[in-house]
Structures are given as structure tokens and as C-alpha cells.
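K.L.:
Questions regarding the structure given below will be posed in turn.
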Amino acid sequence: MSTAARAHLEVAGLTKRFGGLVAVKGMSLAVGAGKILGLIGPNGSGKSTVMKLIMGIERPDAGSVRINGVEVAGWPSHRIARMGAGIVFQHSRPLHRQTVLENITLALLPDKLTQLLADPQTDKRARAIAERVGLSGVLDRRPATLPFADLRKIEIAKAIARDPQVLLIDEPFAGLTAKETAAFSELICELRDDGRAVLLVDHNVKSVARLVDRVIAMYVGERIAEGSADEVMRDETVRRVYLGGSLETAARPESSFRDATPFLAVDSVSVHYGKAQALDNVSIHIHAGEFVSVVGLNGAGKTTLFNTISGLLPYSGEIRREGSALRGHSAAAIARGGIVQCSEGRDLFVYMSVRENLDLGGQHLPAAERAAQIAWLFDLFPVLRDRQKQAAGTLSGGEQQMLTIARALMMKPKLLMLDEPTLGLAPVILEQISKALERLRQTTPITVLLAEQNVTFALPHADRVYVLEHARIVWEGEPAKFAAEMGTGYL
Amino acid sequence: MRSFSTARILLVALGVVVVASFLPLWVTGYILGLLTLAYYFGVFAMAWDLLFGFAGEVNFGPTFLIGVGAYTAGILDNLYQPPIALCIAAGALAAVTAGVVLALPALRLRGPYFGLTTLVAVLILQNFIVVDAHLTGGEIGLTVPDVISISDGINYEIALWFMAMSGAILFWLSRSPVGLILQASGQDAVQAGALGFNVTKHKLAAFIISAFFSGLAGALLVFYLGSASVGTLVDITVSVQIIIAAVLGGRRTILGAVLGAVFLIAMSEALRPLGDLSNFVVFAMALVVVLLFPSGFFGLLTRTREQA
């Protein structure tokens, strides 16, 4: 019997559009009973959307999703769940006022309004599941008092409780320590050995390589490779997407920047989100006029670093601008002072026109200066000139990104911080943004700090590169040396 | 631990109700009248808390359901004078029907839009009552020919035990497996769906139960007051007071809502000498409680007991 014939989950031609953006384009995959499939792709590649489409959380625009042969595409998610699909969300969302045991019990309840008395059998099963995932010791605790790894265990316990034939797990190891990852891997293998079909969604092959039978790699909504973990890691397209081809870097040596005190110095900064450490003793510096890239996978702490510099998060350590501490300055004061962040979410005023968005960014400038600045920006991003009157929300993803950068430039920043400008963009658009950044670097004295997981995009412009991994800076150097010294970690 | 404290809460609540049932022996008819009102108010607030605290839907128009129940019962009595029990049952039924008609489309909406729909429903009902004056009494109000009893004591006991029964049912429901599903649906509809729960079905059920108790209490209130008017039963300010009572008492506690209702009515009575200023003071106090003790009176009480 072929794998496909007894596959538990079969997806074919799955497509999803969000407005102008095609998030998933004709995806197909199959996972058989007792197998683990890895679905990998960089941030914004559409892998999480695939998972949501399978689970019915989003409705596909086209394509088929079959669970044990039954077509479920377009069904509401509670019906798909009853067909035997279960999902472990990346973010733990327990009921905070209930105990761990009650959270697991919830998942065991039938979808009936007549279930008014607690069933002792349910309680017994909930305890057995807790035992299996290693939560027996904390049954009566509230989720808020538990460490992060235990919260993940609650999520997996809830998924197991429904006894799913098809189990989808989103970023199984995000935020876990090596030891916790090992325990979690073992649990996932046990679930596979029960005869379930498991789909693991993650950023890179490396993290799931030991577990998976096969891997599918995605990029901007499409499948770019499929095979064993080794095959996918050797695949040319995958290497290009993750690492870029031969790099042409135009790095200026650090010694060419003459300022003795760097424009911005982040010194031993640590940030916590509750129990999770988001930044651990991070130190970086940027000279005036320099282009510095911070490279790291999703969840490494890039956005946290930017938000900390922007004054949005409490931190320990010191952040200095031209030698004087930024602590105590409000986020608004820091932005007015010329440290401007272009956030990942793009935050445009979607109902306003392109021109209005730009005018808003240049509010503080005198009219003549504002006009000059806009004219300069239209030269930098010609497409925005053509779209002046169009509502920002109707622009394509790439155009929105250009507008976001342009709006930030209207504030005449001294330091421009770009957070993942390539998120979810097609390669051709990347090239346009890339060219604009290059012009910016060559024609203006602006200082740029770029955060990216797309190495191809981050390296060519950079004078210097930092690698952020699990909240720590693990590497600093010239872009030319990156591929040789750090490259394999990014497959 | 949880079931132990549930039992303890119910036991204490029963004790309080039994003590309260002896109040007519000691206090004046005037105070009994105030408490009677407060108890009906408490049912309104408890029914509201089931929807907000558990299903996670903010119903800005609890008075829509109350008003439909009250006016249906009152109009029916006016027109045909069937037994009072029948009028009250019809009121509750009408509230449930109106609730379903409103909730079915409204629950498809997400976020603040559900709340806005309920708000508009109140305005529509209010307008209907004013415009259709020959049936409803319009702005002057509707006077019903019958009352349940003219004895303060009997009215008081009816309100007290009605509240106790409603509270017991709603509280038990909130702690049952269905209550757990409801709470999950309210907090994270996506995840509840992925766990196999039909979120809309559960929320609709919560809305129906909330409508039933609101309509029933509204109808009973008409036959206690002997009249119904927009100002006492339907107006947006009444809605706001119900919401404040529930939040003051403690969100997701059901029983706390009664404490909030009694507090609100007692305070506005105690502050009556202040005239128009009294509302201001009551609302300011409510604001302080909400800001300092977001878990409300009930949260405060149960927490200290758990620590003790």
C-alpha cells in the first residue's frame, strides 16, 4: 500500500488570499498514520496559515483537505476537530482562573449543552493524561504560577485529550530549553508511535530534523522543496532562500566610522516577559552613518530589542545615545529625538491615502520642507508617486512596506530601525526594497539598524552583522564571513 | 480544592438567604420594599454576568430582555387578564424569543459589534414603547390591574427566594462542565473551536438562559410594582446600573452580582439627601472599587476566606 492511500491527512491545491496577498498558493501535502511531516519556511512563508486552513480556523479559497478520506475543507473548526484533527498552538492559552486539571478536563468534555454534572470518568482520564505529559505534580495549580514548559505541556495535554488522528503542532520547541526540548521530542515520538499523523510546523529544518520522516519547505506561500531532512537541507532553492546565493557585500570596515562614541550603544541589556527571558545580556553598538543588521530567527528577540531601544519595555542594563542614557525618556521623546522604528506590523492608517499617511509622518516639518521630503521619497519609491491617492490598505504587501519605510523617513530620523521589512514579501518586491535601501545608504548620512531573519536581504547592505539567538548575541562580524561561520545554523 | 470552596460558598450563601428571610420580623416595610427591588435587580445582574463573565459577550442592553419580559406580561394582563402566572410565563418566553432573534445575527459579529447591537436593541424597544402608547402606556407607563400581593412581607419573600433559586441555578450552571466550555468559548473562541466545541451554540445557549431569567425577573417586577415604565425598566441608565452592579460584585462570580445590586440600591437610598449629587457619588464609588478591586466584592470575600 502506498503512503498516500492510507494517509490520515491529505491536502491538495490549498490556496488562501488575504486581500491582495496570496498567503498560500496551491499547497499539497500528505501525512500518513504513524509518520511525522515537517513543514518549514521562513517567517511569513504561509506555513502557519496552512495549519489554520487544515484546522478550519481560516477558510481556504480553493483546494481540498481530507482527513481519513473525508473532505473537510471549508468546515467550521469544531467539526474538523471532531473528524479527528487536533492542534497545539504556539502560544499557550489556558483558562487562567481554572486549575491545570480543569484545563485538561475541558478538552475531554463533549460538545453538549446537557452535560451539567461532572463525570468521574472524565476526571480519571484527565489525571491519566496529565501523568503522561508530566503534569501530575501541578494538577491543582493555576496556569499563571507555572513555568513556561508546563504551559506548553497543558496545550499538548489538551490536544491529546481529544485523541486526534491528525495532530498539528505549531513551533513545538519555541522557548524551551535543551532539556525540555528533549522531553517534548520524546512525547511527540510516542504520539507518532500511537499511530497518529503528526505535522510539525517550524522555521528551519535543523530544529525538527531528528523527528521528521519527511520535510516540506515553503516560501512565500508555495512549496519549494520536499524530501528527507538531509535532502531539503542540501536543496539549492532552500539554501538560496535561507542563505542567499553568492553574497556581494559592500561592507565598510568599522574603523572607517570616525565617531569615538557610537551613535547608539546597547550595553548588557536584559528583558523579561513574565517568566520568559526575551533578551539576555545583549550588547550592540551602531556608529553614526553605519548600516547594522541583526539577524535571527523568529522569537530570537529582534523585535524585543527594537521595542526596548524605542523605550517601550522595561529593561536592565543601559542604552546610550551619543553617550547619554536613554533611560527615563518616554517612547515619544525617543522617537522625536530621531530614533524611529518601522514595526513589523506595518501599522499604516489603512483607510487613509498614501499621501495622507506620508503627510502624517511629516506633521512636524514646515510645509516647504515636507514637500521636498515627499518629492525625495517619491524618487526613492517611484511606485508610491503613482499610488498617492490610493488608500493604504489596498496596496500590495510590498507597497505597504515601502510606504511604512517612507513614512518613517518623513520624520527625518537619525537612526532608522527596520523590523523585518521582508516579512511575507515575494522576491521581486524584496529586490525593489533592497535597491531603495542601497540608495538610502549611499546618498544619505542616515544610520540604519535592520532586523531580519531573511539573511539574503540582511547581508548585502550591512556594514556589520549581529546574530541574535535565543535572546543572546552569539556572533558579530562582517557580512562576508557570515556564511562560512554561521550559515549552517540557518537552514 | 475548588469543589470544597464551591460547596462552602453555596453553604454561606444559603445561610445568608435564610437569615435574610427573617428580616420582615425586624425592619420596616419601606426597607423591605427597597430590598425587594434590589433582589430583582440582583437577578438582572446575575443573568448579565453569565453572558459577560462566562460567554465573554458584553450585553450593553440587558434592559432589552427585561423590558420585553415585563411589557409582554403587563400588556397581556391589561388586555385579557389571564392568571398572573400565565402572564409571567409569557413574559419569560417572549424575552427568550426576542433574545434568540437578537442573538442569532448578533453572535456572528465579533468584538464590540455584538455589544453595539444589544445597545441599539434597547433604543428600538424604547422607541416602540413610546410610539405604541395605546398598548404600552407610552412615556407615562403601563399600569397593570393585578399585583401578586399587597403585603410587603410576601413580596419580599417572593423576591428573595426567586433570587436565591435563580442564583443557585446560574451558579451551578457556571461551575458545571457546560460553564467550563462557555468560559473557554468566551476567552478564546479559536481554541475552543479547535477543541471541538461549537462556540456559537454555547454562546446562544448562554444568551437564552440569560434572557429567560431577565424576562422572568422583569415580569415578576411588574406584578410587584403594579406598573411598568421606560424609566424604571428599559432606559439605558438602568442597563448601566445593572452592568455596574455585576462588575462591582465581581465578574465571573454570578453570586457577587447580588451584592453589587444590593450595594447600589442601598447607597443611592442612603445618599438620597444629596439630591442629584447622589448618583455622582455612587458612580464615583463604583469607579474606585473597579479600579482598586477589579475582582469585585465577591472576589475580595472569597479570597480572604481562602487565605484564612
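Just remember, in the C-alpha cells the first chain shown is A, the second B, etc., residues are 1-based per chain, and ligands are 1-based in the order shown.
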Please list as number ranges by chain every residue within 12 Å of Ala251 (chain A), counting only C-alpha atoms and excluding residues in the same chain fewer than 2 positions away.

P.N.:
A: 247-249, 253-257, 290-293, 438, 441-442, 458-465, 477-481

K.L.:
Please produce a file of those selected residues containing N, CA and C atoms, as an mmCIF file, in the first residue's frame.

P.N.:
```
data_model
loop_
_atom_site.group_PDB
_atom_site.id
_atom_site.type_symbol
_atom_site.label_atom_id
_atom_site.label_comp_id
_atom_site.auth_asym_id
_atom_site.auth_seq_id
_atom_site.Cartn_x
_atom_site.Cartn_y
_atom_site.Cartn_z
ATOM 1 N N LEU A 247 27.249 36.027 -1.994
ATOM 2 C CA LEU A 247 26.927 37.348 -1.465
ATOM 3 C C LEU A 247 27.833 38.420 -2.046
ATOM 4 N N GLU A 248 27.223 39.492 -2.493
ATOM 5 C CA GLU A 248 28.025 40.649 -2.878
ATOM 6 C C GLU A 248 27.854 41.665 -1.779
ATOM 7 N N THR A 249 28.804 41.776 -0.936
ATOM 8 C CA THR A 249 28.653 42.720 0.150
ATOM 9 C C THR A 249 29.509 43.946 -0.122
ATOM 10 N N PRO A 253 34.484 48.964 6.524
ATOM 11 C CA PRO A 253 35.064 48.498 7.788
ATOM 12 C C PRO A 253 34.675 49.416 8.949
ATOM 13 N N GLU A 254 34.564 48.813 10.122
ATOM 14 C CA GLU A 254 34.092 49.597 11.267
ATOM 15 C C GLU A 254 35.016 50.772 11.553
ATOM 16 N N SER A 255 36.317 50.586 11.249
ATOM 17 C CA SER A 255 37.280 51.647 11.550
ATOM 18 C C SER A 255 37.056 52.897 10.699
ATOM 19 N N SER A 256 36.246 52.753 9.614
ATOM 20 C CA SER A 256 36.015 53.926 8.770
ATOM 21 C C SER A 256 35.033 54.901 9.408
ATOM 22 N N PHE A 257 34.323 54.447 10.471
ATOM 23 C CA PHE A 257 33.425 55.369 11.177
ATOM 24 C C PHE A 257 34.210 56.050 12.284
ATOM 25 N N GLU A 290 26.310 54.230 10.044
ATOM 26 C CA GLU A 290 26.562 52.815 9.792
ATOM 27 C C GLU A 290 25.257 52.064 9.473
ATOM 28 N N PHE A 291 25.361 50.956 8.768
ATOM 29 C CA PHE A 291 24.214 50.092 8.475
ATOM 30 C C PHE A 291 24.489 48.754 9.168
ATOM 31 N N VAL A 292 23.724 48.495 10.221
ATOM 32 C CA VAL A 292 23.968 47.287 11.002
ATOM 33 C C VAL A 292 22.750 46.365 10.894
ATOM 34 N N SER A 293 22.983 45.096 10.640
ATOM 35 C CA SER A 293 21.883 44.130 10.586
ATOM 36 C C SER A 293 21.926 43.214 11.810
ATOM 37 N N GLU A 438 19.670 50.495 -0.574
ATOM 38 C CA GLU A 438 21.028 50.740 -1.041
ATOM 39 C C GLU A 438 21.218 52.221 -1.392
ATOM 40 N N ARG A 441 21.432 54.245 1.692
ATOM 41 C CA ARG A 441 22.727 54.119 2.330
ATOM 42 C C ARG A 441 23.774 54.970 1.618
ATOM 43 N N GLN A 442 23.688 54.992 0.287
ATOM 44 C CA GLN A 442 24.737 55.693 -0.453
ATOM 45 C C GLN A 442 24.517 57.192 -0.540
ATOM 46 N N ALA A 458 19.385 40.711 4.493
ATOM 47 C CA ALA A 458 20.053 41.459 5.562
ATOM 48 C C ALA A 458 21.529 41.712 5.265
ATOM 49 N N LEU A 459 22.167 40.790 4.596
ATOM 50 C CA LEU A 459 23.623 40.890 4.474
ATOM 51 C C LEU A 459 24.150 41.905 3.446
ATOM 52 N N PRO A 460 23.579 41.972 2.245
ATOM 53 C CA PRO A 460 24.227 42.788 1.212
ATOM 54 C C PRO A 460 24.440 44.251 1.604
ATOM 55 N N HIS A 461 23.520 44.827 2.364
ATOM 56 C CA HIS A 461 23.655 46.248 2.694
ATOM 57 C C HIS A 461 24.497 46.481 3.930
ATOM 58 N N ALA A 462 24.641 45.449 4.733
ATOM 59 C CA ALA A 462 25.156 45.667 6.081
ATOM 60 C C ALA A 462 26.652 45.952 6.087
ATOM 61 N N ASP A 463 27.023 46.865 6.986
ATOM 62 C CA ASP A 463 28.439 47.055 7.258
ATOM 63 C C ASP A 463 28.885 46.037 8.298
ATOM 64 N N ARG A 464 27.967 45.755 9.214
ATOM 65 C CA ARG A 464 28.285 44.825 10.287
ATOM 66 C C ARG A 464 27.038 44.009 10.604
ATOM 67 N N VAL A 465 27.240 42.795 11.089
ATOM 68 C CA VAL A 465 26.107 41.914 11.371
ATOM 69 C C VAL A 465 26.216 41.366 12.794
ATOM 70 N N GLY A 477 30.144 40.256 13.302
ATOM 71 C CA GLY A 477 31.221 40.285 12.328
ATOM 72 C C GLY A 477 30.817 40.898 11.012
ATOM 73 N N GLU A 478 31.735 40.765 10.036
ATOM 74 C CA GLU A 478 31.456 41.297 8.711
ATOM 75 C C GLU A 478 30.537 40.335 7.977
ATOM 76 N N PRO A 479 29.696 40.884 7.118
ATOM 77 C CA PRO A 479 28.763 40.033 6.392
ATOM 78 C C PRO A 479 29.475 38.967 5.558
ATOM 79 N N ALA A 480 30.647 39.268 5.052
ATOM 80 C CA ALA A 480 31.328 38.306 4.185
ATOM 81 C C ALA A 480 31.675 37.017 4.919
ATOM 82 N N LYS A 481 31.855 37.130 6.216
ATOM 83 C CA LYS A 481 32.256 35.944 6.970
ATOM 84 C C LYS A 481 31.064 35.151 7.485
#
```

K.L.:
Check every residue of chain A for an atom within 8 Å of chain B, counting only C-alpha atoms, and provide those that qualify as an MDAnalysis selection string.

P.N.:
chainID A and resid 55 57 76:82 86:87 93 95 106:107 109:118 140 158:159 162

K.L.:
Would you write out those residues with C-alpha atoms, as a compact mmCIF listing (two decimals), in the first residue's frame?

P.N.:
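Contents of the output file part-v2.txt:
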```
# COMPACT_ATOMS: atom_id res chain seq x y z
CA MET A 55 -7.90 23.10 11.17
CA ILE A 57 -9.62 28.38 11.67
CA PRO A 76 -16.03 25.13 10.83
CA SER A 77 -13.19 24.15 13.10
CA HIS A 78 -15.25 22.35 15.75
CA ARG A 79 -16.46 19.90 13.10
CA ILE A 80 -12.96 19.37 11.77
CA ALA A 81 -11.82 18.75 15.34
CA ARG A 82 -14.49 16.08 15.67
CA GLY A 86 -6.11 18.45 16.86
CA ILE A 87 -3.81 21.42 17.11
CA ARG A 93 -3.85 29.97 26.04
CA LEU A 95 -8.03 29.29 31.26
CA LEU A 106 -12.22 20.97 29.48
CA ALA A 107 -10.71 19.23 26.48
CA LEU A 109 -15.91 17.37 27.61
CA PRO A 110 -18.40 16.52 24.89
CA ASP A 111 -19.86 19.36 22.83
CA LYS A 112 -23.22 19.06 24.55
CA LEU A 113 -25.38 21.50 26.45
CA THR A 114 -26.82 18.73 28.58
CA GLN A 115 -23.55 17.88 30.28
CA LEU A 116 -24.38 19.51 33.59
CA LEU A 117 -22.78 17.13 36.07
CA ALA A 118 -19.10 16.31 36.29
CA ASP A 140 -4.20 21.90 41.40
CA LYS A 158 -5.47 19.24 25.74
CA ALA A 159 -4.66 18.13 22.22
CA ARG A 162 -9.32 14.70 22.07
```

K.L.:
Which residue out of A:Arg125, A:Tyr466, A:Asn103, A:Glu356 has the minimum interatomic distance to Met486 (chain A) when only C-alpha atoms are used?

P.N.:
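Looking at the shortest contact to Met486 (chain A), the residue is A:Tyr466.
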
K.L.:
Return the single residue from B:Val68, B:Met267, B:Leu301, B:Ala103 that is closest to Ala286 (chain B), with distances computed using only C-alpha atoms.

P.N.:
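Closest to Ala286 (chain B), using only C-alpha atoms: B:Met267.
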
K.L.:
Fewer than 2 positions away in the same chain doesn't count, so skip those; otherwise give me all residues within 8 Å of Leu297 (chain A), counting only C-alpha atoms, as a list in words.

P.N.:
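Everything that qualifies: His203, Val295, Gly299, Ala300, Glu452, Gln453, Leu468 and Glu469 of chain A.
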
K.L.:
Near Ser324 (chain A), counting only C-alpha atoms, which residues have an atom at most 10 Å away, once you skip same-chain residues fewer than 4 positions from it, shown as an MDAnalysis selection string?

P.N.:
chainID A and resid 263:265 318:320

K.L.:
Pick out the residues sitting within 6 Å of region 49-63 of chain B, and hand them over as a list in words; count only C-alpha atoms, and ignore anything fewer than 4 positions along from it in its own chain.

P.N.:
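Near region 49-63 of chain B, the qualifying residues are Gly67, Gly115, Thr118, Leu119, Val122, Leu182, Gln183, Gly186, Lys203, Val234, Ser239, Arg251, Arg252 and Ile254 of chain B.
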
K.L.:
Neighbouring residues of Ser310 (chain A) were defined as those with any atom within 10 Å, considering only C-alpha atoms; residues of the same chain fewer than 3 positions away were excluded. Please report them as a list in words.

P.N.:
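My reading of the contact set: Thr304, Leu305, Phe306, Asn307, Leu313, Leu326, His329, Ser330, Ala331, Ala332, Ala333, Ile334, Ala335, Ile339, Val340, Gln341 and Met417 of chain A.
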
K.L.:
If we count only C-alpha atoms and set the cut-off at 12 Å, which residues sit around Val16 (chain B), ignoring sequence neighbours fewer than 4 positions away in its own chain? Please answer as a PyMOL selection string.

P.N.:
chain B and resi 9-12+20-23+160-161+164+255+258-259

K.L.:
So, counting only C-alpha atoms, which residue among A:Arg192, A:Lys302, A:Arg132, A:Lys124 is closest to Leu279 (chain A)?

P.N.:
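Residue with the minimum atom-to-atom distance to Leu279 (chain A): A:Lys302.
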
K.L.:
Point out the residue among A:Asn357, A:Leu395, A:Met233, A:Gly338 with the least atom-to-atom distance to Thr447 (chain A), counting only C-alpha atoms.

P.N.:
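Looking at the shortest contact to Thr447 (chain A), the residue is A:Gly338.
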
K.L.:
Taking the DSSP assignment computed from this structure's backbone, write out as a PyMOL selection string all residues of region 300-419 of chain A that belong to alpha helix (DSSP H).

P.N.:
chain A and resi 302-309+331-336+354-361+367-380+382-386+397-410

K.L.:
Taking into account only C-alpha atoms, which residue in the set A:Leu187, A:Leu365, A:Leu415, A:Leu425 is nearest to Val22 (chain A)?

P.N.:
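Among A:Leu187, A:Leu365, A:Leu415, A:Leu425, it is A:Leu425 that comes nearest to Val22 (chain A).
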
K.L.:
Report the distance between CA of Gln363 (chain A) and CA of Gly289 (chain A) in Å, rounded to one decimal place.

P.N.:
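Interatomic distance, CA of Gln363 (chain A) to CA of Gly289 (chain A): 24.8 Å.
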
K.L.:
Which is closest to Ala183 (chain A) among A:Val133, A:Ala126, A:Met352, A:Val208, if we use only C-alpha atoms?

P.N.:
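Closest candidate: A:Val133.
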